[in-house]
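Peer 1: The following file, query_30.csv, comprises CSV, C-alpha atoms:
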```csv
chain,number,residue,atom,x,y,z
A,145,TRP,CA,0.0,0.0,0.0
A,146,LYS,CA,1.0,3.6,-0.5
A,147,ARG,CA,1.4,6.1,2.4
A,148,GLY,CA,-0.2,8.8,0.3
A,149,THR,CA,-0.2,12.6,1.0
A,150,GLY,CA,-2.8,12.3,3.8
A,151,LEU,CA,-0.3,10.4,6.1
A,152,GLN,CA,2.8,12.5,5.2
A,153,GLY,CA,4.2,14.0,8.4
A,154,LYS,CA,1.8,12.1,10.6
A,155,LYS,CA,2.9,10.1,13.7
A,156,ILE,CA,2.0,6.4,13.4
A,157,ILE,CA,0.6,5.4,16.8
A,158,SER,CA,-0.3,1.7,16.2
A,159,TYR,CA,-0.8,-0.8,13.3
A,160,GLU,CA,-2.5,-4.2,13.2
A,161,GLU,CA,-3.6,-6.5,10.4
A,162,GLY,CA,-6.6,-8.7,10.0
A,163,GLY,CA,-9.0,-10.5,7.7
A,164,TYR,CA,-8.5,-13.3,5.2
A,165,ASN,CA,-9.1,-13.3,1.5
A,166,GLY,CA,-9.4,-17.1,1.2
A,167,ASN,CA,-6.0,-17.3,-0.5
A,168,ALA,CA,-3.5,-17.1,2.4
A,169,GLN,CA,-3.4,-13.4,2.4
A,170,THR,CA,-4.3,-10.8,5.0
A,171,MET,CA,-7.1,-8.5,3.9
A,172,MET,CA,-6.4,-5.2,5.6
A,173,GLY,CA,-4.5,-3.2,8.2
A,174,LEU,CA,-5.9,-0.8,10.8
A,175,LEU,CA,-3.7,2.2,11.4
A,176,LEU,CA,-4.0,4.9,14.1
A,177,ALA,CA,-2.2,8.1,13.4
A,178,SER,CA,-2.0,11.7,14.6
A,179,THR,CA,-0.2,15.0,13.9
A,180,VAL,CA,3.0,15.5,15.9
A,181,ALA,CA,1.3,18.2,18.0
A,182,SER,CA,0.6,17.3,21.6
A,183,SER,CA,-3.0,16.3,22.5
A,184,SER,CA,-3.8,16.0,18.8
A,185,ALA,CA,-6.8,13.9,17.6
A,186,VAL,CA,-6.3,10.2,16.9
A,187,GLU,CA,-7.2,9.3,13.3
A,188,VAL,CA,-8.3,5.9,12.0
A,189,TRP,CA,-7.0,4.7,8.6
A,190,TYR,CA,-7.8,1.5,6.7
A,191,VAL,CA,-4.9,0.1,4.8
A,192,PRO,CA,-5.4,-2.3,1.8
A,193,ILE,CA,-2.9,-5.2,1.9
A,194,GLY,CA,-1.4,-6.5,-1.4
A,195,SER,CA,-2.5,-3.4,-3.3
A,196,ASP,CA,-0.9,-0.2,-4.5
A,197,ARG,CA,-4.0,1.7,-3.3
A,198,LYS,CA,-3.6,4.4,-0.7
A,199,ALA,CA,-4.6,4.2,2.9
A,200,LEU,CA,-8.1,5.6,3.6
A,201,GLN,CA,-8.9,7.9,6.5
A,202,VAL,CA,-12.2,6.6,8.0
A,203,TYR,CA,-12.5,8.7,11.2
A,204,PRO,CA,-10.7,11.9,12.0
A,205,ASP,CA,-11.1,11.7,15.8
A,206,VAL,CA,-11.5,8.7,18.1
A,207,LEU,CA,-10.3,7.7,21.5
A,208,GLY,CA,-9.2,4.2,20.5
A,209,ALA,CA,-9.8,1.5,17.9
A,210,GLY,CA,-9.0,-2.2,17.3
A,211,LEU,CA,-9.9,-5.0,14.9
A,212,PHE,CA,-12.3,-7.6,16.1
A,213,ARG,CA,-12.9,-11.2,14.9
A,214,PRO,CA,-15.8,-13.0,16.6
A,215,SER,CA,-15.3,-16.8,16.9
A,216,ASP,CA,-17.9,-17.6,14.1
A,217,LEU,CA,-16.4,-15.2,11.6
A,218,GLY,CA,-14.5,-17.2,9.0
A,219,SER,CA,-14.7,-20.3,11.1
A,220,ASP,CA,-15.2,-22.5,8.0
A,221,GLY,CA,-11.9,-21.4,6.5
A,222,SER,CA,-13.5,-19.0,4.0
A,223,GLY,CA,-12.4,-15.4,3.5
A,224,PHE,CA,-13.7,-12.8,5.8
A,225,THR,CA,-13.3,-9.1,6.6
A,226,PRO,CA,-12.9,-8.3,10.3
A,227,LEU,CA,-15.1,-6.0,12.3
A,228,VAL,CA,-13.7,-3.0,14.1
A,229,CYS,CA,-14.3,-1.6,17.6
A,230,TYR,CA,-14.2,2.1,18.2
A,231,VAL,CA,-14.4,4.2,21.4
A,232,LYS,CA,-15.6,7.7,20.8
A,233,ALA,CA,-16.4,10.7,22.9
A,234,CYS,CA,-20.2,11.3,23.4
A,235,HIS,CA,-22.7,12.6,25.9
A,236,ASP,CA,-24.9,10.4,28.1
A,237,ARG,CA,-28.6,10.9,28.7
A,238,THR,CA,-28.0,13.6,31.3
A,239,GLY,CA,-25.7,15.6,29.0
A,240,ARG,CA,-22.5,14.7,30.7
A,241,ASN,CA,-19.3,13.9,28.8
A,242,ALA,CA,-19.1,10.1,28.3
A,243,MET,CA,-17.6,7.5,26.0
A,244,LYS,CA,-19.3,4.9,23.8
A,245,LEU,CA,-18.1,1.6,22.4
A,246,GLN,CA,-19.1,1.1,18.8
A,247,LEU,CA,-18.9,-2.1,16.8
A,248,GLU,CA,-18.8,-1.6,13.0
A,249,THR,CA,-18.4,-3.6,9.8
A,250,ILE,CA,-15.8,-2.9,7.2
A,251,MET,CA,-16.8,-2.7,3.5
A,252,CYS,CA,-14.4,-4.5,1.2
A,253,ASP,CA,-14.3,-5.3,-2.5
A,254,TYR,CA,-12.3,-8.5,-2.7
A,255,GLY,CA,-11.5,-8.1,-6.3
A,256,SER,CA,-10.1,-4.6,-6.1
A,257,ASN,CA,-9.4,-4.5,-2.4
A,258,ILE,CA,-11.2,-1.2,-1.9
A,259,LEU,CA,-12.0,-0.5,1.8
A,260,ALA,CA,-14.6,1.7,3.2
A,261,ALA,CA,-16.5,2.3,6.5
A,262,GLY,CA,-19.4,-0.1,6.9
A,263,VAL,CA,-22.5,-0.1,9.1
A,264,VAL,CA,-22.8,0.2,12.9
A,265,LEU,CA,-23.8,-3.2,14.3
A,266,ASN,CA,-24.2,-2.1,17.9
A,267,GLU,CA,-23.0,0.4,20.5
A,268,CYS,CA,-23.1,1.0,24.2
A,269,ILE,CA,-22.2,3.8,26.7
A,270,LEU,CA,-19.3,3.0,28.9
A,271,GLN,CA,-20.6,3.5,32.4
A,272,GLN,CA,-18.1,5.4,34.6
A,273,GLY,CA,-17.3,3.9,37.9
A,274,GLU,CA,-16.2,5.5,41.2
A,275,PHE,CA,-12.7,6.8,41.2
A,276,ASP,CA,-10.2,7.6,43.9
A,277,ASP,CA,-9.8,11.2,44.9
A,278,VAL,CA,-6.1,11.1,43.9
A,279,GLU,CA,-5.7,11.0,40.1
A,280,PRO,CA,-3.1,8.4,38.9
A,281,VAL,CA,0.3,9.9,37.9
A,282,GLU,CA,0.7,10.1,34.1
A,283,PRO,CA,4.2,9.2,33.0
A,284,THR,CA,6.2,11.0,30.3
A,285,MET,CA,6.3,8.7,27.3
A,286,ALA,CA,8.2,9.0,24.0
A,287,MET,CA,5.0,8.3,22.0
A,288,GLY,CA,2.9,10.6,24.2
A,289,PRO,CA,-0.5,9.7,25.8
A,290,SER,CA,-2.3,8.6,22.6
A,291,PRO,CA,-4.5,6.7,22.2
A,292,LYS,CA,-6.5,7.6,25.3
A,293,VAL,CA,-8.2,4.2,25.2
A,294,LEU,CA,-6.8,0.7,24.5
A,295,ILE,CA,-9.0,-1.9,23.0
A,296,LEU,CA,-8.1,-5.6,23.3
A,297,CYS,CA,-10.0,-8.3,21.5
A,298,LEU,CA,-9.8,-12.1,21.7
A,299,GLU,CA,-12.5,-14.1,19.9
A,300,ASP,CA,-15.8,-12.9,21.5
A,301,ILE,CA,-14.2,-11.0,24.3
A,302,ILE,CA,-13.7,-7.2,24.1
A,303,VAL,CA,-11.8,-5.3,26.8
A,304,VAL,CA,-11.7,-1.5,26.9
A,305,ILE,CA,-9.1,0.3,29.0
A,306,GLU,CA,-9.1,4.1,29.7
A,307,ARG,CA,-5.5,4.6,30.3
A,308,LYS,CA,-5.5,7.7,32.5
A,309,SER,CA,-8.1,6.6,35.0
A,310,GLY,CA,-7.2,2.9,35.0
A,311,MET,CA,-10.8,2.0,34.3
A,312,ILE,CA,-11.4,-1.3,32.6
A,313,TRP,CA,-14.6,-2.7,31.0
A,314,GLY,CA,-15.1,-6.3,29.9
A,315,PHE,CA,-17.7,-7.3,27.2
A,316,LEU,CA,-18.9,-10.4,25.5
A,317,TYR,CA,-20.1,-10.2,21.9
A,318,SER,CA,-23.1,-12.6,21.6
A,319,LYS,CA,-25.8,-12.8,19.0
A,320,ASN,CA,-25.0,-9.3,17.7
A,321,GLU,CA,-25.3,-7.9,21.2
A,322,ILE,CA,-22.5,-6.3,23.3
A,323,VAL,CA,-23.0,-7.9,26.8
A,324,PRO,CA,-21.3,-6.2,29.7
A,325,LEU,CA,-19.2,-8.6,31.8
A,326,GLY,CA,-18.2,-6.1,34.5
A,327,THR,CA,-15.6,-3.4,35.3
A,328,LYS,CA,-12.4,-3.0,37.3
A,329,VAL,CA,-10.4,0.1,38.4
A,330,VAL,CA,-6.6,-0.4,38.8
A,331,SER,CA,-6.0,3.2,40.0
A,332,HIS,CA,-2.8,3.5,38.0
A,333,TYR,CA,-2.1,4.9,34.6
A,334,VAL,CA,-2.1,2.1,32.1
A,335,ILE,CA,1.0,2.3,29.9
A,336,ASP,CA,0.3,-0.8,27.8
A,337,ALA,CA,-1.8,-4.0,27.9
A,338,THR,CA,-2.2,-7.3,26.1
A,339,ILE,CA,-4.7,-10.2,26.3
A,340,HIS,CA,-4.4,-14.0,26.0
A,341,TRP,CA,-6.2,-17.2,26.9
A,342,GLY,CA,-5.8,-18.3,30.6
A,343,GLU,CA,-5.0,-21.8,31.8
A,344,VAL,CA,-8.7,-22.6,32.4
A,345,ASP,CA,-11.1,-23.0,29.4
A,346,GLU,CA,-12.9,-19.8,28.4
A,347,ASP,CA,-10.8,-17.8,30.9
A,348,VAL,CA,-8.9,-14.8,29.6
A,349,GLU,CA,-6.0,-13.0,31.2
A,350,VAL,CA,-5.4,-9.2,30.7
A,351,ILE,CA,-1.8,-8.3,31.4
A,352,LEU,CA,-1.2,-4.6,32.3
A,353,LEU,CA,1.9,-2.5,32.4
A,354,LEU,CA,1.1,0.2,35.0
A,355,CYS,CA,2.9,3.4,36.0
A,356,ASP,CA,4.3,3.4,39.5
A,357,ASP,CA,2.8,6.5,41.2
A,358,GLU,CA,5.7,7.0,43.5
A,359,TYR,CA,8.4,6.4,40.9
A,360,PRO,CA,6.8,7.4,37.5
A,361,ASN,CA,9.9,6.2,35.6
A,362,ASP,CA,9.2,2.7,36.8
A,363,GLY,CA,6.4,0.3,36.0
A,364,ARG,CA,4.6,-2.5,37.6
A,365,VAL,CA,2.9,-5.5,36.0
A,366,ALA,CA,-0.6,-6.6,37.0
A,367,THR,CA,-2.8,-9.4,35.7
A,368,ILE,CA,-6.6,-9.5,35.6
A,369,GLN,CA,-8.6,-12.8,35.1
A,370,LEU,CA,-11.9,-12.7,33.4
A,371,SER,CA,-14.3,-15.2,31.9
A,372,GLN,CA,-17.7,-15.2,30.1
A,373,SER,CA,-19.5,-15.6,33.4
A,374,MET,CA,-17.5,-13.3,35.7
A,375,PHE,CA,-15.3,-10.3,35.4
```
Could you rewrite the structure in this file as C-alpha cells?

Peer 2:
Amino acid sequence: WKRGTGLQGKKIISYEEGGYNGNAQTMMGLLLASTVASSSAVEVWYVPIGSDRKALQVYPDVLGAGLFRPSDLGSDGSGFTPLVCYVKACHDRTGRNAMKLQLETIMCDYGSNILAAGVVLNECILQQGEFDDVEPVEPTMAMGPSPKVLILCLEDIIVVIERKSGMIWGFLYSKNEIVPLGTKVVSHYVIDATIHWGEVDEDVEVILLLCDDEYPNDGRVATIQLSQSMF
C-alpha cells in the first residue's frame, strides 16, 4: 500500500492486520495516526494489503480502535473481513461527557481490495465507575499519551481500558449484542496492555503495564482474570 499525502508528516501510533481473502493473504490493516502536536486527535485509517492503493482515513477523531474477529467469523476457513471496535467521545442521557463503544463492519471489495466504512452493528455507553480522589500519575512517554483508550479483542471478548483513570470494561459479543461482563479500576495509569487465553477453558488474562505513582519512571505488571461468566 502507499502512504499517500494524507499520512505525510503524521505520527504512526499503532498498526495491526486482520481479515483473510481465502488465499493465504491478510485483507487489511488498521492504522492509528495523529499529527506531531501534543493532544492532537487520533485518526483511523484503513490500509489495503497486497495493493498499491492508498490508505483511507475513516474517522478523524477517536479515543481508540481495534480489529475484532468473533469466533464464528471465517470459522469454516472461508475469506472474511474483520469487524472493528471504536471508542468515541459522546454525551450520556444527562448531557455529561461520556464514552461509547461502537462495533462496526468494514466494507471491502475482494476483487479490487477497496476498503470503506461499513455499518454500525451495535454500540453502548461505557458506564463510569467510582474513582479515587487522587488521580493516577501520568508518566512521560516517547510516543505521548495517545491513544487515550486501549481496545483488546480475543474471539468474542472485548476489553476496553481508559489509560489515564485505569478504568477497565469487559464485554462479551453474543448474537450481535454487546453484553457487559463487568468493570475494574486499577487506580494506576495504564502504559500498555495485552490479552491472551488463561489456563482454564474460556478464561482470559489481561496483562497490564502500570505506572508506579511513587516512581513514575518505573512500571509494575498486573494481571486480571476474566471469563464469560464473571469479570

Peer 1: Please report as a Markdown table every residue of segment 199-299 of chain A lying within 9 Å of segment 175-186 of chain A, along with the nearest atom pair and their distance in Å (one decimal), using all atoms listed in the file.

Peer 2:
```
| residue | atom | partner | partner_atom | distance |
| --- | --- | --- | --- | --- |
| A:Ala199 | CA | A:Leu175 | CA | 8.8 |
| A:Tyr203 | CA | A:Val186 | CA | 8.6 |
| A:Pro204 | CA | A:Val186 | CA | 6.8 |
| A:Asp205 | CA | A:Val186 | CA | 5.1 |
| A:Val206 | CA | A:Val186 | CA | 5.5 |
| A:Leu207 | CA | A:Val186 | CA | 6.6 |
| A:Gly208 | CA | A:Val186 | CA | 7.6 |
| A:Ala209 | CA | A:Leu176 | CA | 7.7 |
| A:Gly288 | CA | A:Ser182 | CA | 7.5 |
| A:Pro289 | CA | A:Ser183 | CA | 7.8 |
| A:Ser290 | CA | A:Val186 | CA | 7.1 |
| A:Pro291 | CA | A:Val186 | CA | 6.6 |
| A:Lys292 | CA | A:Val186 | CA | 8.8 |
```

Peer 1: Given the choices A:Val202, A:Val188, A:Val344, A:Ile250, which gets closest to Phe224 of chain A if the distance is worked out from only C-alpha atoms?

Peer 2: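 Checking each candidate against Phe224 of chain A, we get A:Ile250 as the closest.
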
Peer 1: Quote the spacing between atom CA of Ile305 of chain A and atom CA of Pro214 of chain A in Å to one decimal place.

Peer 2: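 For atom CA of Ile305 of chain A relative to atom CA of Pro214 of chain A, the distance reads 19.4 Å.
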
Peer 1: Any idea what's packed within 12 Å of Leu325 of chain A, counting all atoms listed in the file, ignoring anything in its chain fewer than 5 positions away? Could you give it as a list in words?

Peer 2: Leu270, Asp300, Ile301, Ile302, Val303, Val304, Ile312, Trp313, Gly314, Phe315, Leu316, Tyr317, Ser318, Gln369, Leu370, Ser371, Gln372, Ser373, Met374 and Phe375 of chain A

Peer 1: Between A:Met251, A:Asp336, A:Val365, A:Gly342, which has the minimum distance to Gly163 of chain A (counting all atoms listed in the file)?

Peer 2: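 Selected residue with least distance to Gly163 of chain A: A:Met251.
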
Peer 1: Find, counting all atoms listed in the file, the residue in A:Gly148, A:Pro360, A:Pro283, A:Gly262 that gets nearest to Asp196 of chain A.

Peer 2: A:Gly148

Peer 1: Using all atoms listed in the file, find the one residue out of A:Asn320, A:Cys297, A:Asp362, A:Glu279 that sits nearest to His332 of chain A.

Peer 2: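 Smallest distance to His332 of chain A is found for A:Glu279.
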
Peer 1: Just to confirm, what's the straight-line distance from atom CA of Glu282 of chain A to atom CA of Leu352 of chain A in Å (one decimal)?

Peer 2: 14.9 Å

Peer 1: Go ahead and find all residues with at least one atom no further than 6 Å from (-23.3, -1.1, 13.8) in the file's coordinates, using only C-alpha atoms; report them as a PyMOL selection string.

Peer 2: chain A and resi 247-248+263-266

Peer 1: Grab the residues selected above and save them as a compact mmCIF listing (two decimals), in the frame of the given file with C-alpha atoms.

Peer 2:
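That gives us part-v4.txt:
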```txt
# COMPACT_ATOMS: atom_id res chain seq x y z
CA LEU A 247 -18.90 -2.10 16.80
CA GLU A 248 -18.80 -1.60 13.00
CA VAL A 263 -22.50 -0.10 9.10
CA VAL A 264 -22.80 0.20 12.90
CA LEU A 265 -23.80 -3.20 14.30
CA ASN A 266 -24.20 -2.10 17.90
```

Peer 1: Considering only C-alpha atoms, return as a ChimeraX atom specification whatever protein or nucleic-acid residues lie within 12 Å of Val281 of chain A, sequence-local ones (same chain, fewer than 5 positions apart) excluded.

Peer 2: /A:307-310,331-335,354-363

Peer 1: Counting all atoms listed in the file, which of A:Gln152, A:Leu296, A:Thr338, A:Gly326 gets nearest to Leu353 of chain A?

Peer 2: A:Thr338

Peer 1: How many Å separate atom CA of Met285 of chain A from atom CA of Arg240 of chain A?

Peer 2: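 The value is 29.6 Å.
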
Peer 1: Out of A:Met243, A:Met171, A:Ala260, A:Cys229, which residue has the shortest atom-to-atom distance to Ile322 of chain A when counting only C-alpha atoms?

Peer 2: A:Cys229

Peer 1: List every protein, DNA or RNA residue that has an atom no more than 6 Å from (-22.7, 2.7, 22.3) in the file's coordinate frame, counting all atoms listed in the file, and report them as a compact mmCIF listing (two decimals) with C-alpha atoms, in the frame of the given file.

Peer 2:
```
# COMPACT_ATOMS: atom_id res chain seq x y z
CA LYS A 244 -19.30 4.90 23.80
CA LEU A 245 -18.10 1.60 22.40
CA GLN A 246 -19.10 1.10 18.80
CA GLU A 267 -23.00 0.40 20.50
CA CYS A 268 -23.10 1.00 24.20
CA ILE A 269 -22.20 3.80 26.70
```

Peer 1: With all heavy atoms as the goal, would you fill in the gaps in segment 335-346 of chain A and present it as a short mmCIF file (atom, residue, chain, number, x, y, z; two decimals), keeping the file's coordinate frame?

Peer 2:
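The file below, selection.cif, is the result:
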```cif
data_model
loop_
_atom_site.label_atom_id
_atom_site.label_comp_id
_atom_site.auth_asym_id
_atom_site.auth_seq_id
_atom_site.Cartn_x
_atom_site.Cartn_y
_atom_site.Cartn_z
N ILE A 335 0.09 2.00 30.95
CA ILE A 335 1.00 2.30 29.90
C ILE A 335 0.75 1.43 28.66
O ILE A 335 0.71 1.90 27.53
CB ILE A 335 2.48 2.08 30.37
CG1 ILE A 335 2.76 3.02 31.56
CG2 ILE A 335 3.49 2.33 29.24
CD1 ILE A 335 4.07 2.72 32.26
N ASP A 336 0.53 0.14 28.90
CA ASP A 336 0.30 -0.80 27.80
C ASP A 336 -0.47 -2.00 28.35
O ASP A 336 -0.50 -2.21 29.58
CB ASP A 336 1.55 -1.20 27.10
CG ASP A 336 1.33 -1.64 25.65
OD1 ASP A 336 0.15 -1.71 25.23
OD2 ASP A 336 2.31 -1.92 24.95
N ALA A 337 -1.02 -2.81 27.47
CA ALA A 337 -1.80 -4.00 27.90
C ALA A 337 -1.83 -5.01 26.77
O ALA A 337 -1.72 -4.65 25.59
CB ALA A 337 -3.17 -3.62 28.37
N THR A 338 -2.03 -6.27 27.13
CA THR A 338 -2.20 -7.30 26.10
C THR A 338 -3.21 -8.34 26.71
O THR A 338 -3.53 -8.30 27.91
CB THR A 338 -0.89 -8.00 25.77
OG1 THR A 338 -1.11 -8.90 24.68
CG2 THR A 338 -0.32 -8.78 26.95
N ILE A 339 -3.69 -9.24 25.87
CA ILE A 339 -4.70 -10.20 26.30
C ILE A 339 -4.36 -11.56 25.69
O ILE A 339 -3.85 -11.66 24.58
CB ILE A 339 -6.11 -9.73 25.81
CG1 ILE A 339 -7.23 -10.61 26.37
CG2 ILE A 339 -6.18 -9.67 24.30
CD1 ILE A 339 -8.63 -10.05 26.11
N HIS A 340 -4.62 -12.63 26.46
CA HIS A 340 -4.40 -14.00 26.00
C HIS A 340 -5.26 -14.95 26.76
O HIS A 340 -5.82 -14.60 27.80
CB HIS A 340 -2.91 -14.37 26.06
CG HIS A 340 -2.39 -14.49 27.46
ND1 HIS A 340 -2.45 -15.66 28.19
CD2 HIS A 340 -1.82 -13.57 28.28
CE1 HIS A 340 -1.93 -15.46 29.38
NE2 HIS A 340 -1.55 -14.20 29.47
N TRP A 341 -5.36 -16.17 26.26
CA TRP A 341 -6.20 -17.20 26.90
C TRP A 341 -5.49 -17.59 28.26
O TRP A 341 -4.27 -17.70 28.35
CB TRP A 341 -6.33 -18.42 26.06
CG TRP A 341 -7.23 -18.19 24.89
CD1 TRP A 341 -6.89 -18.21 23.58
CD2 TRP A 341 -8.64 -17.91 24.92
NE1 TRP A 341 -7.98 -17.94 22.78
CE2 TRP A 341 -9.07 -17.76 23.58
CE3 TRP A 341 -9.57 -17.75 25.95
CZ2 TRP A 341 -10.39 -17.47 23.25
CZ3 TRP A 341 -10.89 -17.46 25.61
CH2 TRP A 341 -11.28 -17.32 24.28
N GLY A 342 -6.31 -17.85 29.28
CA GLY A 342 -5.80 -18.30 30.60
C GLY A 342 -5.64 -19.82 30.56
O GLY A 342 -5.84 -20.51 29.55
N GLU A 343 -5.29 -20.36 31.70
CA GLU A 343 -5.00 -21.80 31.80
C GLU A 343 -6.34 -22.59 31.87
O GLU A 343 -6.37 -23.77 31.53
CB GLU A 343 -4.22 -22.07 33.07
CG GLU A 343 -2.82 -21.46 33.03
CD GLU A 343 -2.02 -21.76 34.27
OE1 GLU A 343 -2.57 -22.42 35.19
OE2 GLU A 343 -0.84 -21.36 34.33
N VAL A 344 -7.43 -21.95 32.29
CA VAL A 344 -8.70 -22.60 32.40
C VAL A 344 -9.54 -22.27 31.12
O VAL A 344 -9.47 -21.15 30.61
CB VAL A 344 -9.50 -22.17 33.63
CG1 VAL A 344 -10.85 -22.87 33.72
CG2 VAL A 344 -8.66 -22.43 34.87
N ASP A 345 -10.29 -23.25 30.59
CA ASP A 345 -11.10 -23.00 29.40
C ASP A 345 -12.01 -21.82 29.57
O ASP A 345 -12.67 -21.66 30.61
CB ASP A 345 -11.95 -24.26 29.09
CG ASP A 345 -11.10 -25.44 28.61
OD1 ASP A 345 -9.94 -25.18 28.24
OD2 ASP A 345 -11.60 -26.57 28.62
N GLU A 346 -12.06 -20.99 28.52
CA GLU A 346 -12.90 -19.80 28.40
C GLU A 346 -12.46 -18.68 29.38
O GLU A 346 -13.12 -17.64 29.45
CB GLU A 346 -14.38 -20.13 28.68
CG GLU A 346 -14.97 -21.05 27.61
CD GLU A 346 -16.46 -21.21 27.75
OE1 GLU A 346 -17.02 -20.70 28.74
OE2 GLU A 346 -17.08 -21.83 26.87
#
```
